[in-house]
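Here's query_15.cif, which has mmCIF, C-alpha atoms:
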data_upload
loop_
_atom_site.label_atom_id
_atom_site.label_comp_id
_atom_site.auth_asym_id
_atom_site.auth_seq_id
_atom_site.Cartn_x
_atom_site.Cartn_y
_atom_site.Cartn_z
CA MET A 1 23.12 -35.03 -26.62
CA ILE A 2 25.04 -32.60 -24.51
CA ALA A 3 28.62 -31.50 -24.98
CA ARG A 4 31.23 -31.27 -22.24
CA GLU A 5 30.77 -27.50 -21.91
CA GLY A 6 27.05 -27.96 -21.43
CA VAL A 7 27.66 -30.39 -18.60
CA LEU A 8 30.05 -28.03 -16.84
CA GLN A 9 27.45 -25.31 -17.17
CA GLN A 10 24.55 -27.42 -15.91
CA VAL A 11 26.23 -28.98 -12.90
CA ALA A 12 27.12 -26.43 -10.25
CA GLY A 13 30.45 -26.98 -8.56
CA LEU A 14 31.88 -29.34 -11.16
CA ALA A 15 35.46 -28.77 -12.31
CA ALA A 16 36.58 -29.79 -15.79
CA ASP A 17 39.52 -31.90 -14.62
CA GLU A 18 37.26 -33.62 -12.09
CA LEU A 19 34.91 -34.69 -14.87
CA GLU A 20 37.81 -36.00 -16.94
CA LEU A 21 39.01 -38.02 -13.97
CA TRP A 22 35.58 -39.53 -13.38
CA ILE A 23 35.31 -40.50 -17.04
CA ALA A 24 38.80 -42.01 -16.94
CA SER A 25 37.79 -43.97 -13.82
CA GLY A 26 34.69 -45.29 -15.51
CA TRP A 27 32.32 -43.58 -13.08
CA VAL A 28 30.70 -41.74 -15.98
CA MET A 29 30.47 -43.21 -19.45
CA PRO A 30 29.63 -40.66 -22.12
CA ASP A 31 29.46 -41.49 -25.83
CA GLY A 32 32.11 -40.34 -28.26
CA ALA A 33 35.80 -39.71 -27.88
CA PRO A 34 37.83 -37.62 -25.38
CA GLU A 35 37.91 -34.58 -27.66
CA ALA A 36 34.17 -34.63 -28.21
CA TRP A 37 32.35 -36.37 -25.38
CA SER A 38 28.62 -36.53 -25.79
CA PHE A 39 26.49 -36.80 -22.65
CA ARG A 40 22.91 -37.87 -22.10
CA GLU A 41 20.55 -36.78 -19.35
CA ILE A 42 21.28 -39.89 -17.35
CA ASP A 43 24.98 -38.96 -17.39
CA ILE A 44 24.23 -35.47 -16.09
CA ALA A 45 22.06 -36.90 -13.30
CA ARG A 46 24.85 -39.33 -12.43
CA ILE A 47 27.45 -36.56 -12.39
CA ARG A 48 25.20 -34.51 -10.15
CA LEU A 49 24.88 -37.48 -7.82
CA ILE A 50 28.66 -37.92 -7.69
CA VAL A 51 29.10 -34.21 -6.95
CA GLU A 52 26.63 -34.54 -4.07
CA LEU A 53 28.27 -37.66 -2.73
CA ARG A 54 31.70 -36.03 -2.76
CA ARG A 55 30.84 -32.47 -1.74
CA ASP A 56 27.67 -32.57 0.39
CA LEU A 57 28.00 -36.01 1.93
CA GLU A 58 31.82 -35.83 2.06
CA ILE A 59 32.18 -39.39 0.88
CA ASP A 60 35.72 -40.50 0.24
CA ALA A 61 36.80 -40.78 -3.38
CA ASP A 62 37.69 -44.42 -2.68
CA ALA A 63 34.14 -45.19 -1.56
CA VAL A 64 32.40 -43.61 -4.56
CA PRO A 65 33.03 -46.51 -7.01
CA VAL A 66 31.74 -48.94 -4.37
CA ILE A 67 28.52 -46.95 -4.04
CA LEU A 68 28.13 -46.56 -7.80
CA SER A 69 28.71 -50.25 -8.38
CA LEU A 70 26.12 -51.24 -5.77
CA LEU A 71 23.66 -48.70 -7.15
CA ASP A 72 24.17 -50.00 -10.68
CA GLN A 73 23.59 -53.55 -9.51
CA LEU A 74 20.50 -52.48 -7.61
CA HIS A 75 19.05 -50.67 -10.60
CA THR A 76 19.84 -53.60 -12.83
CA ALA A 77 17.98 -55.88 -10.46
CA ARG A 78 15.06 -53.46 -10.30
CA ARG A 79 14.89 -53.22 -14.07
CA ASP A 80 14.90 -57.00 -14.28
CA LEU A 81 12.10 -57.10 -11.76
CA VAL A 82 10.09 -54.61 -13.81
CA ASP A 83 10.65 -56.75 -16.92
CA LEU A 84 9.63 -59.83 -15.03
CA CYS A 85 6.49 -58.15 -13.74
CA GLY A 86 5.73 -57.04 -17.27
CA ALA A 87 6.18 -60.56 -18.55
CA VAL A 88 3.93 -61.94 -15.85
CA ALA A 89 1.32 -59.26 -16.51
CA SER A 90 1.13 -60.25 -20.17
CA GLN A 91 0.27 -63.86 -19.33
CA PRO A 92 -3.28 -65.19 -19.30
CA ALA A 93 -5.11 -64.91 -15.98
CA PRO A 94 -4.75 -68.58 -14.92
CA ILE A 95 -0.98 -68.42 -15.36
CA ARG A 96 -0.78 -65.16 -13.37
CA ALA A 97 -2.83 -66.76 -10.62
CA ALA A 98 -0.57 -69.81 -10.63
CA ILE A 99 2.52 -67.60 -10.32
CA ALA A 100 0.95 -65.57 -7.50
CA ALA A 101 0.05 -68.79 -5.69
CA ALA A 102 3.58 -70.15 -6.15
CA ILE A 103 5.10 -66.97 -4.68
CA LYS A 104 2.67 -67.00 -1.76
CA SER A 105 3.34 -70.63 -0.94
CA ARG A 106 7.02 -69.76 -0.39
CA ASP A 107 6.45 -67.66 2.72
CA MET B 1 2.47 -30.94 6.64
CA ALA B 2 3.71 -27.82 8.35
CA ALA B 3 7.43 -27.27 8.26
CA GLN B 4 9.22 -28.83 11.19
CA ASP B 5 11.52 -26.84 13.38
CA PRO B 6 14.83 -27.13 11.48
CA TYR B 7 16.71 -27.80 14.73
CA VAL B 8 14.38 -30.73 15.37
CA THR B 9 14.68 -31.97 11.79
CA LEU B 10 18.45 -32.09 12.06
CA GLY B 11 18.36 -33.17 15.69
CA VAL B 12 20.75 -30.47 16.88
CA LYS B 13 20.71 -28.11 19.84
CA ARG B 14 19.71 -24.49 19.38
CA ASP B 15 23.27 -23.44 20.15
CA ALA B 16 24.83 -26.05 17.86
CA THR B 17 27.99 -24.92 16.08
CA GLN B 18 28.09 -24.72 12.29
CA ASP B 19 30.25 -27.81 12.36
CA GLU B 20 27.70 -29.77 14.39
CA ILE B 21 24.98 -28.73 11.97
CA ARG B 22 27.09 -29.79 9.00
CA ARG B 23 27.79 -33.17 10.58
CA ALA B 24 24.13 -33.75 11.47
CA TYR B 25 23.08 -32.82 7.95
CA ARG B 26 25.65 -35.10 6.37
CA LYS B 27 24.55 -38.04 8.45
CA LEU B 28 20.86 -37.59 7.65
CA ALA B 29 21.51 -36.83 3.99
CA LYS B 30 23.41 -40.10 3.63
CA GLN B 31 20.47 -41.89 5.14
CA HIS B 32 17.76 -40.21 3.09
CA HIS B 33 19.35 -39.28 -0.25
CA PRO B 34 16.80 -40.54 -2.81
CA ASP B 35 19.51 -41.99 -5.01
CA LEU B 36 20.72 -44.10 -2.13
CA ASN B 37 17.14 -45.31 -1.57
CA PRO B 38 15.95 -46.19 -5.07
CA GLY B 39 12.77 -48.02 -4.06
CA ASN B 40 11.74 -45.75 -1.24
CA LYS B 41 9.23 -43.09 -2.20
CA GLN B 42 9.36 -41.36 1.16
CA ALA B 43 13.10 -40.78 0.94
CA GLU B 44 12.57 -37.80 -1.31
CA GLU B 45 10.30 -36.07 1.21
CA SER B 46 12.66 -36.77 4.08
CA PHE B 47 15.63 -35.58 2.05
CA LYS B 48 13.84 -32.36 1.12
CA ALA B 49 13.08 -31.66 4.78
CA VAL B 50 16.68 -32.31 5.79
CA SER B 51 18.08 -30.19 2.95
CA GLY B 52 15.66 -27.37 3.76
CA ALA B 53 16.66 -27.40 7.42
CA ASN B 54 20.32 -27.40 6.42
CA ASP B 55 19.84 -24.52 3.97
CA LEU B 56 18.33 -22.47 6.75
CA LEU B 57 20.75 -23.34 9.55
CA SER B 58 23.97 -23.50 7.54
CA ASP B 59 23.55 -19.89 6.49
CA PRO B 60 24.39 -17.84 9.61
CA GLU B 61 22.31 -14.91 8.42
CA LYS B 62 19.19 -16.97 7.72
CA ARG B 63 19.72 -18.86 10.94
CA ALA B 64 19.89 -15.65 12.97
CA ARG B 65 16.72 -14.41 11.31
CA PHE B 66 14.98 -17.68 12.09
CA ASP B 67 16.17 -17.52 15.71
CA ARG B 68 14.77 -14.01 16.01
CA GLY B 69 11.48 -15.23 14.59
CA GLU B 70 11.72 -13.12 11.45
CA ILE B 71 11.30 -16.10 9.15
CA ASP B 72 9.69 -19.42 9.86
CA ALA B 73 10.85 -22.89 8.98
CA SER B 74 8.67 -23.01 5.88
CA GLY B 75 10.65 -20.14 4.39
CA ALA B 76 13.48 -22.50 3.66
CA GLU B 77 11.52 -25.64 3.08
CA ARG B 78 10.48 -24.96 -0.45
CA GLN B 79 13.11 -26.98 -2.20
CA PRO B 80 13.22 -26.53 -5.94
CA GLU B 81 11.80 -29.48 -7.84
CA ARG B 82 14.68 -31.50 -9.11
CA GLY B 83 15.34 -34.82 -10.73
CA TYR B 84 17.34 -37.62 -9.22
CA TYR B 85 19.57 -40.18 -10.81
CA ARG B 86 17.22 -42.97 -9.83
CA GLN B 87 14.52 -41.69 -12.19
CA HIS B 88 16.95 -41.97 -15.09
CA ALA B 89 18.37 -45.28 -13.95
CA GLU B 90 14.91 -46.80 -14.08
CA GLY B 91 13.88 -44.97 -17.21
CA ALA B 92 14.63 -45.62 -20.84
CA GLN B 93 18.32 -44.63 -20.52
CA GLY B 94 18.92 -46.92 -17.56
CA PRO B 95 20.62 -49.77 -19.45
CA ARG B 96 23.58 -47.45 -20.05
CA TYR B 97 24.97 -48.42 -16.65
CA GLN B 98 23.53 -51.92 -16.69
CA ARG B 99 25.61 -54.53 -14.88
CA SER B 100 26.16 -57.94 -16.36
CA GLY B 101 24.23 -60.80 -14.86
CA GLY B 102 20.80 -59.32 -15.40
CA PHE B 103 18.12 -60.45 -17.76
CA ALA B 104 19.52 -58.07 -20.34
CA GLY B 105 20.14 -60.82 -22.83
CA ALA B 106 17.29 -63.07 -21.88
CA ASP B 107 14.34 -63.21 -24.18
CA PHE B 108 11.55 -62.28 -21.82
CA GLY B 109 9.98 -59.84 -24.23
CA GLY B 110 9.89 -57.29 -21.45
CA GLN B 111 7.63 -54.29 -21.64
CA ASP B 112 8.64 -50.75 -20.90
CA PHE B 113 7.32 -49.90 -17.48
CA GLY B 114 9.51 -46.80 -17.33
CA GLY B 115 8.80 -44.61 -14.38
CA GLU B 116 6.33 -46.93 -12.74
CA ASP B 117 7.26 -48.11 -9.32
CA ILE B 118 7.95 -51.79 -8.88
CA GLY B 119 5.97 -51.79 -5.68
CA ASP B 120 2.94 -50.56 -7.59
CA ILE B 121 3.34 -53.24 -10.22
CA PHE B 122 3.45 -55.92 -7.59
CA ALA B 123 0.41 -54.44 -5.96
CA ASP B 124 -1.42 -54.62 -9.27
CA LEU B 125 -0.39 -58.19 -9.89
CA PHE B 126 -0.86 -59.52 -6.42
CA GLY B 127 -3.14 -56.97 -4.83
CA GLU B 128 -3.99 -59.19 -1.92
CA ARG B 129 -0.36 -59.28 -0.85
CA ARG B 130 -0.08 -55.60 -0.29
CA GLY B 131 0.81 -54.56 3.21
CA ARG B 132 1.03 -58.12 4.40
CA ALA B 133 4.07 -58.86 6.47
CA GLY B 134 6.36 -61.56 5.17
CA ALA B 135 9.26 -61.87 2.82
CA GLY B 136 9.16 -63.04 -0.72
CA ALA B 137 8.50 -61.25 -3.95
CA GLY B 138 8.99 -57.54 -3.88
CA ALA B 139 11.86 -57.66 -1.43
CA GLY B 140 12.89 -54.08 -0.77
CA ILE B 141 9.29 -52.92 -0.72
CA LYS B 142 8.98 -53.85 2.92
CA MET B 143 11.19 -51.54 4.89
CA ARG B 144 11.63 -50.37 8.41
CA GLY B 145 10.60 -46.74 8.74
CA PRO B 146 13.25 -44.10 9.39
CA ASP B 147 14.12 -42.92 12.88
CA ARG B 148 13.04 -39.46 13.92
CA ALA B 149 15.23 -37.23 16.04
CA PHE B 150 13.93 -34.74 18.58
CA THR B 151 15.48 -32.56 21.22
CA LEU B 152 13.77 -31.90 24.50
CA THR B 153 14.84 -29.43 27.17
CA ILE B 154 13.71 -30.26 30.67
CA ASP B 155 13.89 -28.66 34.05
CA PHE B 156 16.75 -29.63 36.40
CA VAL B 157 14.35 -30.86 39.08
CA ASP B 158 12.28 -32.85 36.56
CA ALA B 159 15.47 -34.46 35.30
CA ALA B 160 16.51 -35.34 38.85
CA ARG B 161 13.14 -36.80 39.85
CA GLY B 162 11.98 -38.19 36.53
CA THR B 163 8.85 -36.97 34.82
CA LYS B 164 6.33 -37.57 32.12
CA THR B 165 6.07 -35.16 29.28
CA ARG B 166 4.37 -34.90 25.94
CA ILE B 167 5.99 -33.79 22.72
CA SER B 168 4.21 -32.98 19.51
CA LEU B 169 5.47 -34.74 16.42
CA ALA B 170 3.25 -33.09 13.87
CA PRO B 171 -0.02 -31.20 14.15
CA GLY B 172 -2.47 -33.50 15.91
CA SER B 173 0.07 -36.14 16.77
CA THR B 174 1.71 -36.30 20.16
CA LEU B 175 4.02 -38.67 21.94
CA ASP B 176 4.13 -39.29 25.69
CA VAL B 177 7.65 -39.60 26.95
CA ASN B 178 8.68 -41.07 30.28
CA ILE B 179 11.82 -39.34 31.48
CA PRO B 180 13.65 -41.59 33.95
CA ALA B 181 14.95 -40.05 37.18
CA GLY B 182 18.56 -38.94 36.85
CA VAL B 183 18.55 -38.46 33.10
CA GLN B 184 21.78 -36.78 32.01
CA ASP B 185 22.27 -33.74 29.86
CA GLY B 186 22.89 -34.93 26.29
CA GLN B 187 21.47 -38.40 26.91
CA ILE B 188 19.43 -39.87 24.07
CA LEU B 189 16.25 -41.77 24.84
CA ARG B 190 15.18 -44.26 22.20
CA LEU B 191 11.46 -44.94 21.96
CA ARG B 192 11.06 -48.08 19.93
CA GLY B 193 8.53 -47.94 17.13
CA LYS B 194 7.74 -44.24 17.62
CA GLY B 195 9.54 -43.02 14.50
CA ASP B 196 8.14 -42.81 11.00
CA SER B 197 5.99 -45.69 9.85
CA GLY B 198 7.48 -48.50 7.81
CA TYR B 199 6.76 -49.26 4.19
CA GLY B 200 4.74 -52.18 2.97
CA GLY B 201 4.21 -53.64 6.41
CA GLY B 202 7.74 -52.99 7.64
CA PRO B 203 8.13 -51.97 11.28
CA PRO B 204 8.22 -48.28 12.15
CA GLY B 205 11.50 -46.57 13.04
CA ASP B 206 12.36 -45.28 16.49
CA ALA B 207 12.03 -41.84 18.01
CA LEU B 208 15.38 -40.60 19.30
CA ILE B 209 15.00 -37.89 21.90
CA GLU B 210 18.05 -35.95 22.93
CA ILE B 211 17.59 -34.56 26.40
CA HIS B 212 18.92 -31.21 27.48
CA VAL B 213 18.80 -30.45 31.18
CA ALA B 214 18.47 -26.78 32.01
CA PRO B 215 20.85 -25.62 34.77
CA HIS B 216 19.31 -24.81 38.16
CA GLU B 217 19.63 -21.66 40.21
CA PHE B 218 20.84 -23.45 43.37
CA PHE B 219 21.31 -27.12 42.68
CA ARG B 220 24.38 -28.66 41.11
CA ARG B 221 24.67 -32.27 40.16
CA GLU B 222 27.59 -34.66 40.76
CA GLY B 223 26.68 -38.14 39.59
CA ASN B 224 23.59 -38.96 41.59
CA ASP B 225 24.45 -36.48 44.36
CA ILE B 226 23.03 -33.00 44.53
CA ARG B 227 25.05 -30.11 45.93
CA VAL B 228 23.57 -26.90 47.20
CA GLU B 229 25.02 -23.92 49.06
CA VAL B 230 22.81 -22.59 51.84
CA PRO B 231 23.27 -19.20 53.49
CA VAL B 232 23.08 -19.07 57.31
CA THR B 233 23.38 -16.10 59.65
CA VAL B 234 26.32 -15.56 62.00
CA LYS B 235 24.03 -16.36 64.90
CA GLU B 236 22.82 -19.64 63.34
CA ALA B 237 26.42 -20.64 62.64
CA VAL B 238 27.62 -19.92 66.15
CA HIS B 239 24.65 -21.18 68.18
CA GLY B 240 23.47 -23.87 65.83
CA ALA B 241 19.95 -23.88 64.35
CA LYS B 242 17.25 -25.92 62.75
CA ILE B 243 16.83 -24.62 59.22
CA THR B 244 14.82 -25.69 56.19
CA VAL B 245 16.71 -26.36 52.96
CA PRO B 246 15.42 -27.16 49.49
CA THR B 247 16.03 -30.58 47.97
CA VAL B 248 14.89 -31.84 44.59
CA HIS B 249 12.22 -33.78 46.50
CA GLY B 250 10.96 -30.76 48.45
CA PRO B 251 12.00 -28.84 51.60
CA VAL B 252 13.77 -30.76 54.37
CA ALA B 253 14.57 -29.67 57.96
CA VAL B 254 18.27 -29.77 58.78
CA THR B 255 20.14 -29.10 62.01
CA VAL B 256 23.13 -26.80 61.64
CA PRO B 257 25.44 -27.83 64.51
CA LYS B 258 26.86 -25.28 66.93
CA HIS B 259 30.13 -23.63 65.82
CA SER B 260 29.67 -24.35 62.13
CA ASP B 261 32.32 -22.69 59.99
CA ALA B 262 31.53 -21.37 56.54
CA GLY B 263 32.14 -24.17 54.04
CA LYS B 264 31.02 -26.89 56.41
CA THR B 265 29.17 -29.53 54.47
CA LEU B 266 26.23 -31.55 55.79
CA ARG B 267 25.10 -34.75 54.13
CA LEU B 268 21.39 -35.51 53.70
CA LYS B 269 21.44 -39.21 53.05
CA GLY B 270 19.21 -40.49 50.26
CA ARG B 271 17.97 -37.01 49.33
CA GLY B 272 19.75 -36.96 45.96
CA ILE B 273 18.74 -38.65 42.75
CA ALA B 274 17.07 -42.04 42.90
CA PRO B 275 17.85 -43.60 39.50
CA PRO B 276 15.78 -46.55 38.24
CA ARG B 277 18.89 -48.72 38.65
CA GLY B 278 21.81 -48.22 40.95
CA GLU B 279 22.29 -46.51 44.25
CA LYS B 280 20.39 -43.50 45.52
CA GLY B 281 22.40 -40.30 45.70
CA ASP B 282 22.69 -37.90 48.66
CA GLN B 283 22.34 -34.19 48.96
CA TYR B 284 25.29 -32.18 50.26
CA VAL B 285 24.52 -28.85 51.88
CA THR B 286 27.42 -26.41 52.16
CA ILE B 287 27.07 -23.61 54.65
CA LYS B 288 27.72 -20.06 53.60
CA ILE B 289 27.75 -17.48 56.41
CA VAL B 290 26.11 -14.18 55.48
CA ILE B 291 26.41 -11.07 57.55
CA GLY B 292 23.73 -9.16 55.72
CA ASP B 293 24.14 -5.89 53.92
CA PRO B 294 24.30 -3.56 55.71
CA ALA B 295 25.39 -5.57 58.72
CA ASP B 296 23.27 -5.16 61.83
CA PRO B 297 24.53 -1.94 63.58
CA ALA B 298 24.33 -3.65 66.98
CA LEU B 299 26.55 -6.48 65.71
CA GLU B 300 28.94 -3.96 64.24
CA ARG B 301 29.16 -2.05 67.53
CA PHE B 302 29.66 -5.27 69.46
CA LEU B 303 32.49 -6.41 67.18
CA GLN B 304 34.19 -3.03 67.51
CA SER B 305 34.37 -3.32 71.27
CA TRP B 306 34.97 -7.06 71.31
CA GLU B 307 38.44 -8.34 72.17
CA PRO B 308 38.81 -12.09 71.54
CA ARG B 309 40.14 -13.89 74.62
CA ASN B 310 42.57 -15.99 72.57
CA PRO B 311 43.30 -14.06 69.38
CA VAL B 312 44.13 -16.47 66.56
CA ASP B 313 45.28 -15.74 63.06
CA PRO B 314 43.12 -18.10 60.95
CA ARG B 315 45.59 -17.69 58.08
CA ARG B 316 48.57 -19.01 59.98
CA GLY B 317 50.02 -21.96 58.14
CA MET B 318 49.16 -20.41 54.78
CA LEU B 319 52.01 -17.91 54.73
CA GLY B 320 54.96 -20.08 55.80
CA SER B 321 56.97 -19.62 59.00
#

Can you present the structure in this file as structure tokens?
Amino acid sequence: MIAREGVLQQVAGLAADELELWIASGWVMPDGAPEAWSFREIDIARIRLIVELRRDLEIDADAVPVILSLLDQLHTARRDLVDLCGAVASQPAPIRAAIAAAIKSRD
Amino acid sequence: MAAQDPYVTLGVKRDATQDEIRRAYRKLAKQHHPDLNPGNKQAEESFKAVSGANDLLSDPEKRARFDRGEIDASGAERQPERGYYRQHAEGAQGPRYQRSGGFAGADFGGQDFGGEDIGDIFADLFGERRGRAGAGAGAGIKMRGPDRAFTLTIDFVDAARGTKTRISLAPGSTLDVNIPAGVQDGQILRLRGKGDSGYGGGPPGDALIEIHVAPHEFFRREGNDIRVEVPVTVKEAVHGAKITVPTVHGPVAVTVPKHSDAGKTLRLKGRGIAPPRGEKGDQYVTIKIVIGDPADPALERFLQSWEPRNPVDPRRGMLGS
């Protein structure tokens, strides 16, 4: 768990009021309450990404939530796919073969 | 792989302004940022190359040192190892930003495959499918390869006539490029399928070659016409002469008519640029009278004693009445 000060220290070029705004906008979702936010590594990586989108890629503030939303959906889908693959992998061989055959017959 | 020329990596000219460099970087970074390409392993390498080139060229001091040959492209290519959001999003903490509509609630008894690439899992499950073209499971694994940008400077005459040239993409890999006659400065040639290879059977990207045409000592270009200024002697201008002039297609004999004033322009039909489509251009030869330096003493003596029969002020009409 990382406190707000730690985040500001770790992410170059991040202003405190910027971070507050992003949290208020739901771009970043730390644990805890406004006086004592608690961040995880994934939050820091996400903040870093937002800094890069805004500063290096000069992406409009209006476009950032669109990108984040699409990224979140994409990662959700990819996680689901990983789960699905895991579920398939844990099946007995004949069932795996049947699933592989069913997928192949579709294209 | 050896570090690419940073100008080539960013696809900018050697004399690009800082603003042009920034814009080129931004465009490529948007394309290759690993977090905007979650399933694409190569994105990280491409992004590193682009960032390295930008680090070098966006710093005027480093750029000047590179231009002078004091540091090479690899000096700036070593990007510090860093993590990306995508690793976290697909790791154990990923569900933090989970969107509704997934399998989150479903009872699939999923296993933790954290960090493993989905493409690899599919390959393990359905090994025989790997690399095969066709849609279906694993969508997103099959991707068109990225485009690669190059710049190429060619000779004025080669640009006018068209040429074949060879560029090197990486050590041991070359690309033959057909330059069409009449290619313009700044024109971009797209070579389909000559970019980076695709992923999982996807088609390769394109090579984009930005052409720079070096200026010529004598020739100037106007559309498909070529203009050239040709010096003639006083004697040739007064008596007329057969002279040889250069064209982009080689020397051509031209008759300078009697009594040719300086600035007279002769047209050599069809001796300009012959583009693959459209009309052939002409060459225009403008006469420039030279008296030599120092002028011939005999000519000088003659002119001193010479009284024109009908003295004319050639500047009359320029100064008002």

Exercise for review: Write out as a VMD selection string the residues lying within 7 Å of range 54-61 of chain A, counting all atoms listed in the file and excluding same-chain residues fewer than 6 positions away.
Suggested key: chain B and resid 26 29 to 30

Chain A contacts to chain B at 9 Å (all atoms listed in the file) as an mmCIF file with C-alpha atoms, in the coordinates of the input:
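Listing of result.cif after writing:
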data_model
loop_
_atom_site.group_PDB
_atom_site.id
_atom_site.type_symbol
_atom_site.label_atom_id
_atom_site.label_comp_id
_atom_site.auth_asym_id
_atom_site.auth_seq_id
_atom_site.Cartn_x
_atom_site.Cartn_y
_atom_site.Cartn_z
ATOM 1 C CA VAL A 28 30.700 -41.740 -15.980
ATOM 2 C CA MET A 29 30.470 -43.210 -19.450
ATOM 3 C CA ARG A 40 22.910 -37.870 -22.100
ATOM 4 C CA GLU A 41 20.550 -36.780 -19.350
ATOM 5 C CA ILE A 42 21.280 -39.890 -17.350
ATOM 6 C CA ASP A 43 24.980 -38.960 -17.390
ATOM 7 C CA ILE A 44 24.230 -35.470 -16.090
ATOM 8 C CA ALA A 45 22.060 -36.900 -13.300
ATOM 9 C CA ARG A 46 24.850 -39.330 -12.430
ATOM 10 C CA ILE A 47 27.450 -36.560 -12.390
ATOM 11 C CA ARG A 48 25.200 -34.510 -10.150
ATOM 12 C CA LEU A 49 24.880 -37.480 -7.820
ATOM 13 C CA LEU A 53 28.270 -37.660 -2.730
ATOM 14 C CA ASP A 56 27.670 -32.570 0.390
ATOM 15 C CA LEU A 57 28.000 -36.010 1.930
ATOM 16 C CA GLU A 58 31.820 -35.830 2.060
ATOM 17 C CA ILE A 67 28.520 -46.950 -4.040
ATOM 18 C CA SER A 69 28.710 -50.250 -8.380
ATOM 19 C CA LEU A 71 23.660 -48.700 -7.150
ATOM 20 C CA ASP A 72 24.170 -50.000 -10.680
ATOM 21 C CA GLN A 73 23.590 -53.550 -9.510
ATOM 22 C CA LEU A 74 20.500 -52.480 -7.610
ATOM 23 C CA HIS A 75 19.050 -50.670 -10.600
ATOM 24 C CA THR A 76 19.840 -53.600 -12.830
ATOM 25 C CA ALA A 77 17.980 -55.880 -10.460
ATOM 26 C CA ARG A 78 15.060 -53.460 -10.300
ATOM 27 C CA ARG A 79 14.890 -53.220 -14.070
ATOM 28 C CA ASP A 80 14.900 -57.000 -14.280
ATOM 29 C CA LEU A 81 12.100 -57.100 -11.760
ATOM 30 C CA VAL A 82 10.090 -54.610 -13.810
ATOM 31 C CA ASP A 83 10.650 -56.750 -16.920
ATOM 32 C CA LEU A 84 9.630 -59.830 -15.030
ATOM 33 C CA CYS A 85 6.490 -58.150 -13.740
ATOM 34 C CA GLY A 86 5.730 -57.040 -17.270
ATOM 35 C CA ALA A 87 6.180 -60.560 -18.550
ATOM 36 C CA VAL A 88 3.930 -61.940 -15.850
ATOM 37 C CA ALA A 89 1.320 -59.260 -16.510
ATOM 38 C CA SER A 90 1.130 -60.250 -20.170
ATOM 39 C CA ARG A 96 -0.780 -65.160 -13.370
ATOM 40 C CA ALA A 97 -2.830 -66.760 -10.620
ATOM 41 C CA ALA A 100 0.950 -65.570 -7.500
ATOM 42 C CA ILE A 103 5.100 -66.970 -4.680
ATOM 43 C CA LYS A 104 2.670 -67.000 -1.760
ATOM 44 C CA ARG A 106 7.020 -69.760 -0.390
ATOM 45 C CA ASP A 107 6.450 -67.660 2.720
#

Point to revise | Shell of 7 Å around range 257-263 of chain B, only C-alpha atoms, local chain residues under 5 positions omitted, as a list in words | key: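 So, after excluding close chain neighbours, the residues are Ala237, Val238, His239, Gly240, Ala241, Thr286, Ile287, Lys288 and Ile289 of chain B.
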
Could you dump the residues just selected with C-alpha atoms as an mmCIF file, in the coordinates of the input?
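Ended up saving to part.cif:
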data_model
loop_
_atom_site.group_PDB
_atom_site.id
_atom_site.type_symbol
_atom_site.label_atom_id
_atom_site.label_comp_id
_atom_site.auth_asym_id
_atom_site.auth_seq_id
_atom_site.Cartn_x
_atom_site.Cartn_y
_atom_site.Cartn_z
ATOM 1 C CA ALA B 237 26.420 -20.640 62.640
ATOM 2 C CA VAL B 238 27.620 -19.920 66.150
ATOM 3 C CA HIS B 239 24.650 -21.180 68.180
ATOM 4 C CA GLY B 240 23.470 -23.870 65.830
ATOM 5 C CA ALA B 241 19.950 -23.880 64.350
ATOM 6 C CA THR B 286 27.420 -26.410 52.160
ATOM 7 C CA ILE B 287 27.070 -23.610 54.650
ATOM 8 C CA LYS B 288 27.720 -20.060 53.600
ATOM 9 C CA ILE B 289 27.750 -17.480 56.410
#

Exercise for review: Mind giving me the straight-line distance from CA of Arg220 in chain B to CA of Leu191 in chain B in Å, one decimal?
Suggested key: 28.3 Å

Kindly provide, as AutoDock Vina command-line options, the centre and edge lengths (Å, one decimal) of an axis-aligned box around all atoms of range 85-88 of chain A given in the file, with 5 Å on each side.
--center_x 5.2 --center_y -59.5 --center_z -16.1 --size_x 12.6 --size_y 14.9 --size_z 14.8
